[in-house]
$ cat data_15.cif   # mmCIF, C-alpha atoms and all ligand atoms
data_query
#
loop_
_atom_site.label_atom_id
_atom_site.label_comp_id
_atom_site.auth_asym_id
_atom_site.auth_seq_id
_atom_site.Cartn_x
_atom_site.Cartn_y
_atom_site.Cartn_z
CA MET A 115 29.31 -104.04 160.73
CA SER A 116 31.56 -106.69 159.30
CA THR A 117 34.36 -108.72 160.80
CA THR A 118 36.77 -111.21 159.33
CA MET A 119 37.53 -114.20 161.50
CA GLU A 120 40.80 -116.03 161.65
CA THR A 121 39.46 -118.62 164.09
CA ASN A 122 36.02 -119.53 165.23
CA GLU A 123 36.54 -118.14 168.72
CA ASN A 124 34.03 -115.34 168.43
CA ILE A 125 31.05 -117.45 167.46
CA GLU A 126 28.12 -116.49 169.63
CA SER A 127 26.97 -119.87 170.80
CA ASP A 128 23.51 -118.72 171.82
CA SER A 129 22.65 -116.95 168.57
CA LYS A 130 19.73 -118.67 166.89
CA ALA A 131 19.83 -116.37 163.86
CA MET A 132 23.21 -117.45 162.56
CA VAL A 133 23.27 -118.39 158.88
CA LEU A 134 26.19 -120.47 157.67
CA LEU A 135 26.98 -120.14 153.97
CA MET A 136 28.90 -123.10 152.58
CA GLY A 137 29.75 -124.69 149.24
CA LEU A 138 32.70 -125.65 147.06
CA ARG A 139 35.11 -123.04 145.66
CA ARG A 140 33.72 -120.52 143.17
CA CYS A 141 30.12 -121.69 143.66
CA GLY A 142 29.05 -118.10 144.33
CA LYS A 143 28.95 -117.65 148.13
CA SER A 144 30.66 -114.23 148.34
CA SER A 145 28.67 -112.96 145.36
CA ILE A 146 25.41 -113.88 147.09
CA CYS A 147 26.47 -112.04 150.26
CA LYS A 148 27.62 -108.96 148.38
CA VAL A 149 24.54 -108.73 146.15
CA VAL A 150 21.90 -109.43 148.80
CA PHE A 151 23.41 -107.63 151.81
CA HIS A 152 25.68 -104.99 150.26
CA ASN A 153 23.73 -103.98 147.13
CA MET A 154 26.64 -104.89 144.85
CA GLN A 155 25.76 -105.00 141.15
CA PRO A 156 25.76 -108.68 139.99
CA LEU A 157 28.26 -108.03 137.18
CA ASP A 158 30.77 -106.57 139.66
CA THR A 159 31.02 -109.97 141.38
CA LEU A 160 33.11 -111.15 138.42
CA TYR A 161 36.07 -109.39 140.03
CA LEU A 162 35.65 -110.78 143.56
CA GLU A 163 38.74 -112.46 144.98
CA SER A 164 38.52 -115.96 146.38
CA THR A 165 37.74 -115.93 150.13
CA SER A 166 40.54 -117.51 152.15
CA SER A 167 39.26 -117.35 155.74
CA PRO A 168 35.81 -117.47 157.36
CA SER A 169 34.05 -114.13 157.42
CA LEU A 170 31.24 -113.07 159.69
CA GLU A 171 28.82 -110.23 159.02
CA HIS A 172 25.96 -108.90 161.13
CA PHE A 173 22.71 -107.53 159.77
CA SER A 174 19.87 -106.16 161.79
CA THR A 175 16.33 -106.45 160.62
CA LEU A 176 13.42 -107.74 162.70
CA ILE A 177 15.99 -110.11 164.13
CA ASP A 178 19.72 -109.78 164.56
CA LEU A 179 21.16 -111.88 161.76
CA ALA A 180 24.73 -113.11 161.49
CA VAL A 181 25.89 -114.54 158.16
CA MET A 182 29.11 -116.54 158.20
CA GLU A 183 30.76 -117.51 154.94
CA LEU A 184 33.09 -120.50 155.07
CA PRO A 185 35.59 -120.74 152.20
CA GLY A 186 35.21 -123.82 150.01
CA GLN A 187 38.83 -124.93 150.34
CA LEU A 188 38.89 -125.28 154.16
CA ASN A 189 38.36 -128.61 155.86
CA TYR A 190 36.09 -128.02 158.83
CA PHE A 191 36.34 -131.54 160.13
CA GLU A 192 40.00 -131.53 161.05
CA PRO A 193 40.62 -131.63 164.83
CA SER A 194 42.02 -128.08 165.06
CA TYR A 195 38.69 -126.62 163.99
CA ASP A 196 35.90 -126.48 166.55
CA SER A 197 33.17 -127.50 164.12
CA GLU A 198 30.92 -128.83 166.84
CA ARG A 199 30.66 -125.45 168.52
CA LEU A 200 30.16 -123.79 165.15
CA PHE A 201 27.28 -126.02 164.01
CA ARG A 202 25.61 -125.97 167.41
CA SER A 203 25.19 -122.19 167.17
CA VAL A 204 23.74 -122.16 163.67
CA GLY A 205 20.06 -121.61 162.77
CA ALA A 206 20.37 -122.29 159.04
CA LEU A 207 22.97 -124.04 156.94
CA VAL A 208 22.80 -122.63 153.41
CA TYR A 209 24.71 -124.84 150.99
CA VAL A 210 25.36 -123.41 147.51
CA ILE A 211 25.68 -125.75 144.51
CA ASP A 212 26.94 -124.36 141.19
CA SER A 213 24.41 -125.76 138.71
CA GLN A 214 26.61 -124.80 135.75
CA ASP A 215 29.43 -127.03 136.98
CA GLU A 216 29.80 -130.78 137.56
CA TYR A 217 27.88 -131.10 140.84
CA MET A 218 28.46 -134.67 142.07
CA ASN A 219 31.35 -133.63 144.36
CA ALA A 220 29.20 -130.88 145.82
CA ILE A 221 26.40 -133.33 146.62
CA THR A 222 28.80 -135.72 148.37
CA ASN A 223 30.26 -132.79 150.33
CA LEU A 224 26.75 -131.58 151.22
CA ALA A 225 25.69 -135.02 152.50
CA MET A 226 28.81 -135.24 154.66
CA ILE A 227 28.13 -131.79 156.15
CA ILE A 228 24.46 -132.58 156.79
CA ASP A 229 25.49 -135.82 158.50
CA TYR A 230 27.73 -133.88 160.86
CA ALA A 231 25.55 -130.81 161.35
CA TYR A 232 22.35 -132.72 161.98
CA LYS A 233 23.94 -134.91 164.65
CA VAL A 234 25.33 -131.88 166.49
CA ASN A 235 22.22 -129.74 166.01
CA PRO A 236 18.98 -131.52 164.97
CA GLU A 237 17.14 -128.16 164.96
CA ILE A 238 19.25 -126.76 162.12
CA ASN A 239 17.40 -125.72 158.91
CA ILE A 240 19.10 -127.19 155.86
CA GLU A 241 18.72 -125.00 152.79
CA VAL A 242 20.27 -125.81 149.40
CA LEU A 243 20.67 -123.16 146.72
CA ILE A 244 20.88 -124.65 143.22
CA HIS A 245 22.74 -121.59 142.05
CA LYS A 246 23.69 -119.83 138.76
CA VAL A 247 20.54 -121.11 137.04
CA ASP A 248 20.57 -118.02 134.80
CA GLY A 249 22.86 -120.00 132.47
CA LEU A 250 20.38 -122.90 132.10
CA SER A 251 17.38 -123.29 129.78
CA GLU A 252 13.96 -123.73 131.44
CA ASP A 253 13.94 -127.50 130.73
CA PHE A 254 17.47 -127.93 131.97
CA LYS A 255 16.68 -126.04 135.19
CA VAL A 256 13.88 -128.45 136.06
CA ASP A 257 16.05 -131.48 135.16
CA ALA A 258 18.98 -130.18 137.23
CA GLN A 259 16.71 -129.57 140.22
CA ARG A 260 15.15 -133.04 140.00
CA ASP A 261 18.57 -134.67 139.58
CA ILE A 262 20.17 -132.79 142.50
CA MET A 263 17.22 -133.48 144.80
CA GLN A 264 17.20 -137.16 143.91
CA ARG A 265 20.95 -137.65 144.31
CA THR A 266 20.99 -135.77 147.61
CA GLY A 267 18.13 -137.97 148.82
CA GLU A 268 20.09 -141.10 147.83
CA GLU A 269 23.25 -139.92 149.61
CA LEU A 270 21.28 -139.12 152.76
CA LEU A 271 19.53 -142.48 152.62
CA GLU A 272 22.90 -144.22 152.49
CA LEU A 273 23.92 -142.32 155.63
CA GLY A 274 20.67 -143.27 157.36
CA LEU A 275 19.48 -139.64 157.26
CA ASP A 276 16.38 -140.01 155.10
CA GLY A 277 14.22 -138.23 157.70
CA VAL A 278 16.19 -134.97 157.45
CA GLN A 279 14.22 -132.16 155.86
CA VAL A 280 16.13 -130.31 153.13
CA SER A 281 14.71 -127.31 151.21
CA PHE A 282 15.88 -126.57 147.66
CA TYR A 283 15.75 -123.23 145.81
CA LEU A 284 16.69 -122.34 142.22
CA THR A 285 18.71 -119.12 142.43
CA SER A 286 20.71 -116.58 140.48
CA ILE A 287 22.18 -113.22 141.47
CA PHE A 288 21.01 -111.86 138.10
CA ASP A 289 17.32 -111.86 139.01
CA HIS A 290 15.06 -111.75 142.07
CA SER A 291 15.32 -115.47 142.81
CA ILE A 292 18.20 -115.02 145.29
CA TYR A 293 16.20 -112.45 147.33
CA GLU A 294 13.13 -114.66 147.30
CA ALA A 295 15.19 -117.64 148.55
CA PHE A 296 16.86 -115.60 151.30
CA SER A 297 13.50 -114.19 152.33
CA ARG A 298 12.20 -117.69 152.97
CA ILE A 299 15.39 -118.73 154.74
CA VAL A 300 15.35 -115.70 157.07
CA GLN A 301 11.62 -116.02 157.79
CA LYS A 302 12.18 -119.49 159.22
CA LEU A 303 14.50 -117.89 161.79
CA ILE A 304 11.99 -115.31 163.06
CA PRO A 305 10.23 -116.76 166.11
CA GLU A 306 7.21 -114.44 165.74
CA ILE A 307 6.66 -115.25 162.05
CA SER A 308 3.21 -116.86 162.36
CA TYR A 309 2.05 -113.94 164.49
CA LEU A 310 3.26 -111.50 161.85
CA GLU A 311 1.57 -113.47 159.08
CA ASN A 312 -1.72 -113.35 161.00
CA MET A 313 -1.40 -109.59 161.41
CA LEU A 314 -0.82 -109.19 157.67
CA ASP A 315 -3.76 -111.50 156.86
CA ASN A 316 -5.94 -109.37 159.08
CA LEU A 317 -4.70 -106.20 157.43
CA ILE A 318 -5.34 -107.33 153.86
CA GLN A 319 -8.77 -108.75 154.63
CA HIS A 320 -10.00 -105.39 155.89
CA SER A 321 -8.27 -103.09 153.42
CA LYS A 322 -8.89 -104.31 149.82
CA ILE A 323 -5.20 -105.21 149.70
CA GLU A 324 -4.34 -108.06 147.34
CA LYS A 325 -0.84 -108.77 148.64
CA ALA A 326 1.35 -107.22 151.35
CA PHE A 327 5.06 -107.62 152.03
CA LEU A 328 7.12 -106.44 154.97
CA PHE A 329 10.42 -105.54 153.32
CA ASP A 330 13.82 -104.97 154.82
CA VAL A 331 14.57 -101.90 152.68
CA ASN A 332 18.33 -102.37 152.59
CA SER A 333 18.45 -105.94 151.38
CA LYS A 334 15.03 -106.21 149.65
CA ILE A 335 14.44 -109.41 151.59
CA TYR A 336 10.83 -109.65 152.77
CA VAL A 337 10.70 -110.74 156.37
CA SER A 338 7.01 -111.58 156.19
CA THR A 339 4.01 -111.61 153.88
CA ASP A 340 0.34 -112.59 154.14
CA SER A 341 -0.58 -116.24 153.70
CA ASN A 342 -1.61 -115.93 150.00
CA PRO A 343 0.92 -117.57 147.67
CA VAL A 344 3.82 -115.36 146.53
CA ASP A 345 3.92 -114.72 142.82
CA ILE A 346 7.50 -113.80 141.87
CA GLN A 347 6.31 -111.03 139.51
CA THR A 348 4.33 -109.36 142.30
CA TYR A 349 7.41 -109.58 144.51
CA GLU A 350 9.54 -108.01 141.74
CA VAL A 351 7.12 -105.11 141.25
CA CYS A 352 7.03 -104.43 144.99
CA ALA A 353 10.84 -104.71 145.40
CA GLU A 354 11.35 -102.28 142.51
CA PHE A 355 8.86 -99.90 144.14
CA VAL A 356 11.08 -99.87 147.25
CA ASP A 357 14.09 -98.96 145.04
CA VAL A 358 12.23 -96.22 143.18
CA THR A 359 10.91 -94.75 146.43
CA LEU A 360 14.35 -94.64 148.04
CA ASP A 361 15.92 -93.17 144.87
CA LEU A 362 13.27 -90.45 144.70
CA PHE A 363 13.68 -89.74 148.37
CA ASP A 364 17.46 -89.36 148.04
CA LEU A 365 16.97 -87.12 145.02
CA TYR A 366 14.71 -84.66 146.84
CA LYS A 367 16.21 -85.02 150.31
CA GLU A 368 18.57 -82.04 150.05
CA THR A 369 15.90 -79.59 148.89
CA LEU A 370 13.39 -80.74 151.48
CA THR A 371 15.95 -80.55 154.24
CA GLU A 372 16.81 -76.97 153.37
CA ASN A 373 13.13 -75.95 153.35
CA GLU A 374 12.40 -77.72 156.59
CA LYS A 375 15.43 -76.21 158.30
CA GLY A 376 14.07 -72.76 157.47
CA ARG A 377 10.74 -73.56 159.05
CA ASN A 378 11.95 -75.41 162.14
CA ASP A 379 14.91 -73.45 163.49
CA ASN A 380 17.39 -76.04 162.23
CA LYS A 381 15.87 -78.80 164.34
CA PRO A 382 16.08 -82.17 162.62
CA VAL A 383 12.72 -83.40 161.37
CA ALA A 384 11.92 -87.11 161.35
CA ARG A 385 9.74 -87.82 158.36
CA GLU A 386 7.96 -91.08 157.73
CA LEU A 387 8.57 -92.50 154.30
CA LYS A 388 5.40 -92.99 152.28
CA ASN A 389 4.75 -93.43 148.59
CA VAL A 390 1.54 -94.23 146.70
CA SER A 391 1.45 -94.79 142.98
CA GLU A 392 -1.25 -95.87 140.54
CA LEU A 393 -0.13 -98.13 137.71
CA GLY A 394 -1.52 -98.04 134.17
CA ASN A 395 -3.73 -101.09 134.86
CA GLY A 396 -5.45 -99.43 137.85
CA VAL A 397 -3.43 -101.31 140.49
CA ILE A 398 -2.15 -99.13 143.35
CA LEU A 399 1.24 -99.63 144.97
CA TYR A 400 1.43 -98.37 148.54
CA LEU A 401 4.63 -98.09 150.61
CA ARG A 402 4.87 -97.00 154.24
CA GLN A 403 7.85 -96.92 156.56
CA MET A 404 7.48 -99.24 159.55
CA ILE A 405 9.98 -99.95 162.33
CA ARG A 406 13.55 -101.31 162.27
CA GLY A 407 14.40 -100.51 158.66
CA LEU A 408 11.24 -102.19 157.41
CA ALA A 409 8.65 -100.93 154.97
CA LEU A 410 5.20 -102.31 154.27
CA VAL A 411 4.51 -102.57 150.55
CA ALA A 412 0.95 -103.38 149.54
CA LEU A 413 -0.67 -104.02 146.20
CA ILE A 414 -4.22 -102.65 146.16
CA ARG A 415 -6.79 -103.43 143.44
CA PRO A 416 -9.70 -100.99 143.93
CA LYS A 417 -12.16 -103.12 141.82
CA GLY A 418 -14.87 -100.55 141.24
CA SER A 419 -14.65 -98.71 144.58
CA ASP A 420 -13.25 -95.24 144.46
CA ILE A 421 -9.52 -94.89 145.01
CA GLU A 422 -9.82 -92.20 147.69
CA SER A 423 -11.88 -94.37 150.03
CA CYS A 424 -9.60 -97.37 149.42
CA LEU A 425 -6.58 -95.31 150.42
CA THR A 426 -8.29 -93.83 153.47
CA ILE A 427 -9.14 -97.31 154.75
CA ALA A 428 -5.61 -98.56 153.96
CA ASP A 429 -4.03 -95.58 155.78
CA TYR A 430 -6.17 -96.18 158.85
CA ASN A 431 -5.55 -99.93 159.02
CA ILE A 432 -1.83 -99.60 158.28
CA ASP A 433 -1.55 -97.12 161.18
CA ILE A 434 -2.97 -99.79 163.46
CA PHE A 435 -0.67 -102.43 161.95
CA LYS A 436 2.37 -100.23 162.58
CA LYS A 437 1.33 -99.64 166.19
CA GLY A 438 1.04 -103.42 166.58
CA LEU A 439 4.61 -103.85 165.32
CA GLU A 440 5.85 -101.14 167.68
CA ASP A 441 4.13 -102.84 170.61
CA ILE A 442 5.71 -106.20 169.86
CA TRP A 443 9.23 -104.97 169.17
CA SER A 444 9.50 -101.90 171.36
CA HIS A 445 11.33 -103.73 174.15
CA SER A 446 13.94 -105.24 171.91
CA LYS A 447 17.52 -104.01 172.27
CA ILE A 448 18.48 -103.33 168.64
CA GLU A 449 17.11 -100.38 166.73
CA PRO A 450 18.86 -100.29 163.36
CA ASP A 451 19.43 -96.93 161.75
CA LYS A 452 18.60 -97.92 158.18
CA PHE A 453 16.19 -95.06 157.81
CA ASN A 454 18.91 -92.57 158.64
CA THR A 455 18.90 -91.76 154.95
CA ILE A 456 15.29 -90.71 155.20
CA GLN A 457 15.25 -88.91 158.53
CA ASN A 458 16.86 -85.54 158.69
N1 LIG B 501 26.20 -116.85 135.99
C1 LIG B 501 26.29 -116.64 137.30
N2 LIG B 501 27.51 -116.44 137.86
C2 LIG B 501 27.56 -116.23 139.20
C3 LIG B 501 26.39 -116.21 140.01
N3 LIG B 501 26.77 -116.00 141.30
C4 LIG B 501 28.11 -115.88 141.29
N4 LIG B 501 28.59 -116.02 140.02
C5 LIG B 501 30.00 -115.94 139.59
O1 LIG B 501 30.72 -117.04 140.15
C6 LIG B 501 32.08 -116.66 140.36
C7 LIG B 501 32.56 -117.09 141.73
O2 LIG B 501 31.83 -116.34 142.68
P1 LIG B 501 32.33 -116.13 144.20
O3 LIG B 501 31.23 -115.40 144.88
O4 LIG B 501 33.69 -115.54 144.25
O5 LIG B 501 32.40 -117.64 144.70
P2 LIG B 501 32.78 -118.16 146.16
O6 LIG B 501 31.94 -119.37 146.41
O7 LIG B 501 32.71 -117.08 147.16
O8 LIG B 501 34.28 -118.61 145.91
P3 LIG B 501 35.44 -118.89 147.02
O9 LIG B 501 35.64 -117.61 147.77
O10 LIG B 501 36.63 -119.26 146.17
O11 LIG B 501 35.01 -120.04 147.88
C8 LIG B 501 32.16 -115.15 140.12
O12 LIG B 501 32.74 -114.95 138.85
C9 LIG B 501 30.71 -114.70 140.11
O13 LIG B 501 30.48 -113.59 139.24
C10 LIG B 501 25.11 -116.41 139.36
O14 LIG B 501 24.03 -116.41 139.96
N5 LIG B 501 25.14 -116.64 138.02
#
$ encode --input "data_15.cif" --output "structure tokens"
Amino acid sequence: MSTTMETNENIESDSKAMVLLMGLRRCGKSSICKVVFHNMQPLDTLYLESTSSPSLEHFSTLIDLAVMELPGQLNYFEPSYDSERLFRSVGALVYVIDSQDEYMNAITNLAMIIDYAYKVNPEINIEVLIHKVDGLSEDFKVDAQRDIMQRTGEELLELGLDGVQVSFYLTSIFDHSIYEAFSRIVQKLIPEISYLENMLDNLIQHSKIEKAFLFDVNSKIYVSTDSNPVDIQTYEVCAEFVDVTLDLFDLYKETLTENEKGRNDNKPVARELKNVSELGNGVILYLRQMIRGLALVALIRPKGSDIESCLTIADYNIDIFKKGLEDIWSHSKIEPDKFNTIQN
């Protein structure tokens, strides 16, 4: 669902999972929203029109997430705009800085916004995307990050805000970095995140799994992972496995549906999505549908044991993991229909 707002009257003041996307004009805010939440191809963002009024979009995953984009040209601190109410309802302020442009103005603007937001809502997570880094060389990326972090720190110090915690991410819509950044941003808004991480740690310890991600299949954001460090290449392989699995499923859906209809008197059949694939280097990728549009993707390295027994143990433990998720979230009110494409 998506709504465009003319005023800020419909802000849900009690929503903790509101993400506010801000930044100067043309820094890339709409492109980020379209690519991450609407599967738009990055090159198609070249033709996006400038956003002229705030827009609010809702996404349901483990939590109900609202992403509000505020156009760069609006002044939110003029009296007619109820900025206080807006910032009080926000869980994360995501500020986008165009790293390919002159960024001093953006840093001053960011410091001013943090000053305001933090006073109104000290619980707010402040997240800064150093964006469009695809156009920078490796050395330049590191320099730009150091420079932006240092200058932001200086601005905040001048405002007496040196204690405010700000997280920085290098991002681009042309690779997986934007999904990785949004994954971390969204995870901070999930109250049960440490519980989920413990469950995943437990799962991998008992199942010869090297790494496990809980993906939101629509956006490719991972809402949780085990506590081992995330290697971006492992994330990329797993995210692509989600894409391949969904593509294959769509490809064969029609035929399967016809066959199943014949066998089941036209009753719809809910099928759980599952895909297991062995790569050339012996690593196994395992995907299983969970609840609420989520899929567990695990990377299994059999290391000498036979593949069959590895998979049997994984199947058994992942069943238990899924039941655990169902127990925790069964009483929640939202049940997104993202797997409509895979249930017939
Ligand atoms: N190279 C590069 N270009 C990007 C990236 N993200 C967005 N852009 C481009 O930046 C331009 C501006 O993007 P928009 O998403 O319209 O920017 P915006 O911040 O929403 O702009 P306003 O609506 O005017 O506030 C577009 O031409 C995008 O294709 C990126 O990661 N890398």
$ atom_distance --input "data_15.cif" --atom1 "CA of Asp433 in chain A" --atom2 "CA of Ser308 in chain A"
20.3 Å
$ closest_atom_pairs --input "data_15.cif" --of "chain A" --to "ligand LIG 501 (chain B)" --cutoff "8 Å" --atoms "all atoms listed in the file" --output "tab-separated table"
residue	atom	partner	partner_atom	distance
A:Met136	CA	B:LIG501	O6	7.8
A:Gly137	CA	B:LIG501	O6	6.4
A:Leu138	CA	B:LIG501	O11	6.1
A:Arg139	CA	B:LIG501	O11	3.7
A:Arg140	CA	B:LIG501	O8	3.4
A:Cys141	CA	B:LIG501	O6	4.0
A:Gly142	CA	B:LIG501	O5	3.4
A:Lys143	CA	B:LIG501	O6	3.9
A:Ser144	CA	B:LIG501	O3	3.7
A:Ser145	CA	B:LIG501	O3	3.6
A:Ile146	CA	B:LIG501	N3	6.3
A:Cys147	CA	B:LIG501	O3	7.9
A:Pro156	CA	B:LIG501	O13	6.9
A:Leu157	CA	B:LIG501	O13	6.3
A:Asp158	CA	B:LIG501	O13	7.0
A:Thr159	CA	B:LIG501	O13	4.2
A:Leu160	CA	B:LIG501	O13	3.7
A:Tyr161	CA	B:LIG501	O12	6.6
A:Leu162	CA	B:LIG501	O4	5.2
A:Glu163	CA	B:LIG501	O4	6.0
A:Ser164	CA	B:LIG501	O9	3.6
A:Thr165	CA	B:LIG501	O9	3.6
A:Ser166	CA	B:LIG501	O9	6.6
A:Leu184	CA	B:LIG501	O11	7.5
A:Pro185	CA	B:LIG501	O11	4.4
A:Gly186	CA	B:LIG501	O11	4.3
A:Gln187	CA	B:LIG501	O11	6.7
A:Val210	CA	B:LIG501	O6	7.8
A:Gln214	CA	B:LIG501	N1	8.0
A:His245	CA	B:LIG501	O14	5.7
A:Lys246	CA	B:LIG501	N5	3.6
A:Val247	CA	B:LIG501	N5	6.5
A:Asp248	CA	B:LIG501	N5	5.8
A:Gly249	CA	B:LIG501	N1	5.8
A:Thr285	CA	B:LIG501	O14	6.5
A:Ser286	CA	B:LIG501	O14	3.4
A:Ile287	CA	B:LIG501	O14	4.0
A:Phe288	CA	B:LIG501	O14	5.8
$ closest_residue --input "data_15.cif" --among "A:Leu365, A:Leu387, A:Ile398, A:Leu328" --to "Leu439 in chain A" --atoms "all atoms listed in the file"
A:Leu328
$ atom_distance --input "data_15.cif" --atom1 "CA of Thr175 in chain A" --atom2 "CA of Phe296 in chain A"
13.1 Å
$ atom_distance --input "data_15.cif" --atom1 "CA of Leu224 in chain A" --atom2 "CA of Arg202 in chain A"
17.2 Å
$ closest_residue --input "data_15.cif" --among "A:Asn395, A:Ser297, A:Asn239, A:Thr222" --to "Arg265 in chain A" --atoms "all atoms listed in the file"
A:Thr222
$ closest_residue --input "data_15.cif" --among "A:Asn219, A:Thr339, A:Ser251, A:Ser174" --to "Thr266 in chain A" --atoms "only C-alpha atoms"
A:Asn219
$ residues_near_point --input "data_15.cif" --point "(15.6, -110.8, 142.1)" --cutoff "9 Å" --atoms "only C-alpha atoms" --output "list in words"
Thr285, Ser286, Ile287, Phe288, Asp289, His290, Ser291, Ile292, Tyr293, Glu294, Lys334, Ile346, Tyr349, Glu350 and Ala353 of chain A
$ write_last_selection --input "data_15.cif" --atoms "C-alpha atoms" --output "PDB file, in the frame of the given file"
ATOM      1  CA  THR A 285      18.710-119.120 142.430  1.00  0.00           C
ATOM      2  CA  SER A 286      20.710-116.580 140.480  1.00  0.00           C
ATOM      3  CA  ILE A 287      22.180-113.220 141.470  1.00  0.00           C
ATOM      4  CA  PHE A 288      21.010-111.860 138.100  1.00  0.00           C
ATOM      5  CA  ASP A 289      17.320-111.860 139.010  1.00  0.00           C
ATOM      6  CA  HIS A 290      15.060-111.750 142.070  1.00  0.00           C
ATOM      7  CA  SER A 291      15.320-115.470 142.810  1.00  0.00           C
ATOM      8  CA  ILE A 292      18.200-115.020 145.290  1.00  0.00           C
ATOM      9  CA  TYR A 293      16.200-112.450 147.330  1.00  0.00           C
ATOM     10  CA  GLU A 294      13.130-114.660 147.300  1.00  0.00           C
ATOM     11  CA  LYS A 334      15.030-106.210 149.650  1.00  0.00           C
ATOM     12  CA  ILE A 346       7.500-113.800 141.870  1.00  0.00           C
ATOM     13  CA  TYR A 349       7.410-109.580 144.510  1.00  0.00           C
ATOM     14  CA  GLU A 350       9.540-108.010 141.740  1.00  0.00           C
ATOM     15  CA  ALA A 353      10.840-104.710 145.400  1.00  0.00           C
TER      16      ALA A 353
END
$ closest_residue --input "data_15.cif" --among "A:Leu360, A:Val390, A:Val331, A:Ala295" --to "Thr426 in chain A" --atoms "all atoms listed in the file"
A:Val390
$ residues_around --input "data_15.cif" --residues "range 268-270 of chain A" --least-positions-apart "6" --cutoff "10 Å" --atoms "all atoms listed in the file" --output "PyMOL selection string"
chain A and resi 221-222+224-226+228-229+262+276-278
$ residues_around --input "data_15.cif" --residues "Arg298 in chain A" --least-positions-apart "4" --cutoff "9 Å" --atoms "all atoms listed in the file" --output "compact mmCIF listing (two decimals) with C-alpha atoms, in the frame of the given file"
# COMPACT_ATOMS: atom_id res chain seq x y z
CA TYR A 293 16.20 -112.45 147.33
CA GLU A 294 13.13 -114.66 147.30
CA LYS A 302 12.18 -119.49 159.22
CA ILE A 335 14.44 -109.41 151.59
CA TYR A 336 10.83 -109.65 152.77
CA VAL A 337 10.70 -110.74 156.37
CA SER A 338 7.01 -111.58 156.19
$ residues_around --input "data_15.cif" --residues "range 401-410 of chain A" --least-positions-apart "6" --cutoff "9 Å" --atoms "only C-alpha atoms" --output "PyMOL selection string"
chain A and resi 174-176+326-332+336-337+352+355-356+359+386-391+432+436+439-440+443+448-453
$ axis_aligned_box --input "data_15.cif" --around "range 391-395 of chain A" --padding-each-side "3 Å" --output "JSON"
{"center_x": -1.1, "center_y": -97.9, "center_z": 138.6, "size_x": 11.2, "size_y": 12.3, "size_z": 14.8}
$ closest_residue --input "data_15.cif" --among "A:Gly267, A:Gly418, A:Pro343, A:Pro305" --to "Lys322 in chain A" --atoms "only C-alpha atoms"
A:Gly418
